[in-house]
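Worksheet for the structure shown next.
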Amino acid sequence: MMKMRYYTCLFILILCFVFSIHSYGSGIEMLFQGESADSLRNKDIYATRIDETPRIDGRLDESFWSKLEVASEFVVYTPGNGLRPTNPTSVMFAYDDHALYVGAVMYDSNPDSICKELGKRDQVESLNTDYISIDILPYNDGLNMYEFKVTPSNLQNDCKYSAIGQDINWDAVWESATRINDSSWVAEIKIPYSALRFPNTSVQEWGINMWRNFHRKHEYSTWTFVNNQDQDIFKYYGKLLGIKDIKPPLRLSLTPYLAGYTEKQDGIGNWKHTIRGGLDIRYGINESYTLDMMLIPDFGQVQSDDVVLNLTPFEIRYDEKRQFFSEATELFNKCGIFYSRRVGNLPRNYIRPYLEAGINEIITENPEESRIINATKISGRNSKGLGVGIFNAMTMPSDAELLDTIQHSVRKVRTQDFTNYNVLVIDQNLKNNSYLTFMNTNYWIPGGKYLANVTGAESRINTASRSVAFTGRLNLSQIYESESSTDVGVRYLLSVSRPKGKFQYEISRDAMDKHYNPNDMGFILHNNEANNSLRLSYFLFDPVWKFQSAHSNISITHTTLNEGNEFVTLRLEADNLLTFRNYWSNYLMVGACPAGYSDFYEARSWGWRYDRPRSYDFNWRIATDARKAFRIHNSFLYSNSPEDNHINWVLETQARMRFSDRLAASFIFSFDKNDNDYGFVGSLILEDNDELVFFGRRDLKTLSQVLNVKYSFNTKMSASLRGRHYWLRAEYKDYYMLDREGELNPAQYPEVAPLSFNVFSADFQFVWYFAPGSELSLVWKNYINTSDDLIHIGFAEDFRNTISAPQANSFSIRILYYIDYLKFRSAISKKG
């Protein structure tokens with residue numbers, strides 16, 4: 001208790017210290033703004049209505065282009081915020097009743113050296129390429145922005161921004177063409193109004209800015225000055241004026257698909273051949289809100305997850321890779337209560353057939369995913385800043401099949417009944433880029449009489465200068481189950497932050513009680529925890545001496561149980577990221593838990609605690625210039641708990657070779673050696689219902705290798721291959737019994753066999769975007785998973801045994817075709 005009080009007092013002292021630097025940071029900001037406010041104010045640019053529809057070919061040879069107002073005089077964002085860029089840029093805007101047209105000229109004194117690496121759509125930021133970005137805020141609200149990027153090789157990238165970040169999976173259908181000449185590269189862009197949501201008014205006033213990436217010098221410049229010390233960049237944007245008398249079009253598109261699969265699971269049985277078909281529908285309800293519907297979806301070509309052997313008491317969180325669930329979902333990410341991977345994932349009672357199988361029964365089928373019948377979402381924001389999101393999905397019942405090997409009969413075991421998933425979000429923009437959000441998720445199994453309901457409210461209030469932000473969140477979870485009482489839990493978050501300037505900070509408290517459980521549709525590792533944290537940051541945004549930029553943090557996190565206020569840990573951490581003028585980067589982090597860590601979770605039973613001793617760790621990473629053909633990124637992590645001789649170190653190397661603008665390959669090698677790790681091995685319930693909990697001391701070795709190869713034939717056609725091998729060995733040394741004081745005592749326990757776990761996966765994909773919004777894809781997926789106790793063999797032999805083990809294979813071809821209703825109707829009328 002004295003230890004907890006001491007560290008609590010220390011946290012409060014540091015908490016008070018942050019306010020002493022706030023006024024100093026404000027002074028720095030005011031000094032900077034005073035020098036640049038008059039000379040670098042926002043700009044306006046006018047778009048001109050045209051009668052001639054341009055041919056999108058990158059030439060800009062129609063007569064009207066030479067008569068348009070030109071947006072020029074770009075300024076540097078980084079490095080050297082506010083300076084003139086190396087090369088000038090000119091951008092022009094025109095419009096008609098159907099689209100906005102953009103003509104951009106990016107001058108370059110050495111056009112032969114323009115960076116123009118090819119890749120897949122929406123991967124521009126990871127490539128060695130220049131680009132021009134057109135940022136449009138149709139409501140000019142400082143919160144919601146559409147971004148359209150194009151590179152010299154005419155590779156497209158688009159995304160949406162909102163108050164909570166960017167939606168990189170959003171895809172619009174638009175046209176572009178580029179050309180490189182003897183003094184510049186030129187982009188011609190057509191953005192149909194169907195790709196935007198804008199107010200239904202006679203006169204439009206859109207927020208606008210253009211960003212140019214001059215990659216050869218790592219130089220970013222913007223049309224209107226943007227302070228690179230401020231995270232709220234939209235307030236610096238200019239205005240696009242002159243657009244009048246346009247109407248939001250009917251936004252209706254259909255995307256039918258047809259897919260064929262040839263599959264064999266685990267090398268057992270015959271190949272199975274299936275044909276699947278379905279339909280995606282997108283309908284603009286009005287100028288603000290859009291309905292997306294997916295009927296009979298198919299996700300068989302989604303990249304395989306990076307499976308690992310989980311020895312922790314916590315669930316592994318995997319990224320969402322299904323496009324429907326990751327596109328246009330920024331509203332659903334608020335309040336932290338929706339994890340889309342819950343929809344159609346492992347059936348709720350997947351383990352049930354293994355528990356109920358008789359002596360003579362074998363499980364012949366047990367689906368690992370619930371089949372989605374359909375999914376629908378409505379999302380958007382109106383001219384008054386009201387955002388609405390509605391999501392619904394339904395999954396079919398899932399059954400396992402058990403074969404009686406004597407009677408030769410088959411019976412089914414229900415692993416999940418029909419399930420309904422619902423999400424509702426209402427989000428209102430407020431002054432100063434603030435917002436207020438209400439959200440609800442609802443998970444319902446009618447047949448199982450199970451209902452999980454989570455309601456959340458979240459708000460972010462910014463001061464007029466946007467220099468201080470106040471964030472609050474309150475979530476309530478409710479679970480109703482037949483023949484049991486209602487389980488109600490609460491989580492809340494409070495934070496104060498300074499998100500701009502060289503000196504920034506954030507103070508927060510995040511607490512949840514032991515009944516809070518959003519995991520039917522959300523994700524948390526565990527509940528009953530309270531975290532009080534403080535982060536102090538310093539940024540170097542512009543070049544100084546040998547440094548291009550720098551970012552340093554000092555943080556302290558004090559953690560207790562929410563119920564009982566028992567001390568869990570105190571985490572101290574400092575880190576620094578340096579980018580040198582040659583664009584090498586160096587990262588260093590040092591951290592410590594000086595009071596140890598009271599682990600309430602490793603025992604897998606509530607009421608038990610394991611007191612891990614104090615520890616310290618550091619992480620060092622260094623990376624070479626990403627613009628070079630060959631790039632290497634090395635990292636080394638080391639942690640040590642001296643009192644129990646627990647040592648863990650991780651070495652990782654990432655190497656990438658760009659052979660040409662079309663062909664690139666990368667290899668990631670990671671080795672993790674974890675000696676004297678103490679973890680749960682089992683428990684025993686005694687006759688008096690008392691419990692014995694056993695731990696084991698083990699040595700763990702983990703090796704992971706990932707090979708990526710990609711080849712781009714052009715901007716519409718590419719092929720990629722990804723292979724991954726994951727290997728873990730666990731060898732137990734001795735065993736202990738955990739006592740109620742959180743200490744381990746030597747004990748006898750049945751020997752746990754050494755474990756060798758292997759996963760190998762391969763994903764090959766060929767994609768051809770043969771028409772706007774339409775694609776043909778060929779995919780091969782291979783998966784192998786083995787586990788044995790052959791701890792004595794070497795890695796090479798272990799790998800050979802894995803490759804020769806039974807494996808799952810899937811070959812598929814899928815074609816989807818985008819049909820825009822307006823274009824389809826126009827084509828039919830012309831033929832008529």
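Quick note on naming: the chains in the structure tokens go A, B, ... in the order shown, residues restart at 1 in each chain, and ligands are numbered from 1 in order of appearance.
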
### Residues near region 499-509 of chain A, cut-off 6 Å, only C-alpha atoms, skip fewer than 6 positions along chain, as a list in words
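Here the qualifying residues turn out to be Gly25, Glu29, Gln229, Asp230, Gln231, Ser467, Leu493, Asn531, Asn532, Ser533, Leu534, Arg535, Leu536, Ser537, Tyr538 and Phe539 of chain A.
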
For those residues, write C-alpha atoms to a file as a short mmCIF file (atom, residue, chain, number, x, y, z; two decimals), in the first residue's frame.
```
data_model
loop_
_atom_site.label_atom_id
_atom_site.label_comp_id
_atom_site.auth_asym_id
_atom_site.auth_seq_id
_atom_site.Cartn_x
_atom_site.Cartn_y
_atom_site.Cartn_z
CA GLY A 25 4.58 26.28 -25.23
CA GLU A 29 3.26 29.16 -30.74
CA GLN A 229 3.40 22.25 -35.80
CA ASP A 230 -0.39 22.00 -35.83
CA GLN A 231 -2.32 18.73 -36.18
CA SER A 467 -4.32 24.56 -28.67
CA LEU A 493 -12.20 8.04 -20.42
CA ASN A 531 -4.92 3.68 -16.20
CA ASN A 532 -3.70 7.18 -15.35
CA SER A 533 -1.20 8.41 -17.90
CA LEU A 534 0.83 11.47 -18.74
CA ARG A 535 2.74 12.08 -21.96
CA LEU A 536 5.08 15.01 -22.64
CA SER A 537 6.28 15.50 -26.21
CA TYR A 538 8.73 17.74 -28.01
CA PHE A 539 8.83 18.05 -31.79
#
```

### Task
Can you check which residues of region 232-403 of chain A DSSP gives as strand (DSSP E) on the backbone and send them as a PyMOL selection string?
chain A and resi 238-241+252-264+272-284+289-295+361-365+372-381+386-395+398-403

### Message
So the first atom is CA of Leu295 (chain A) and the second is CA of Ala375 (chain A); what is the distance between them in Å, to one decimal place?
### Response
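Computed distance, CA of Leu295 (chain A) to CA of Ala375 (chain A), equals 6.9 Å.
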
### Summary
The distance between CA of Phe764 (chain A) and CA of Gln265 (chain A) is 17.6 Å

### Query
From the list A:Ser683, A:Ser184, A:Thr222, A:Asn42, which residue is nearest Asp112 (chain A) when using only C-alpha atoms?
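Ranking A:Ser683, A:Ser184, A:Thr222, A:Asn42 by distance to Asp112 (chain A), first place goes to A:Ser184.
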
### Task
Just the residues within 10 Å of Gly278 (chain A), please, counting only C-alpha atoms, with nothing from its chain fewer than 6 positions along; format it as a PyMOL selection string.
chain A and resi 255-259+294-298+374+816

### Message
Nearest residue to Ala328 (chain A) out of A:Cys159, A:Leu494, A:Ala469, A:Ile316, using only C-alpha atoms?
### Response
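Checking each of A:Cys159, A:Leu494, A:Ala469, A:Ile316 against Ala328 (chain A), counting only C-alpha atoms, the winner is A:Cys159.
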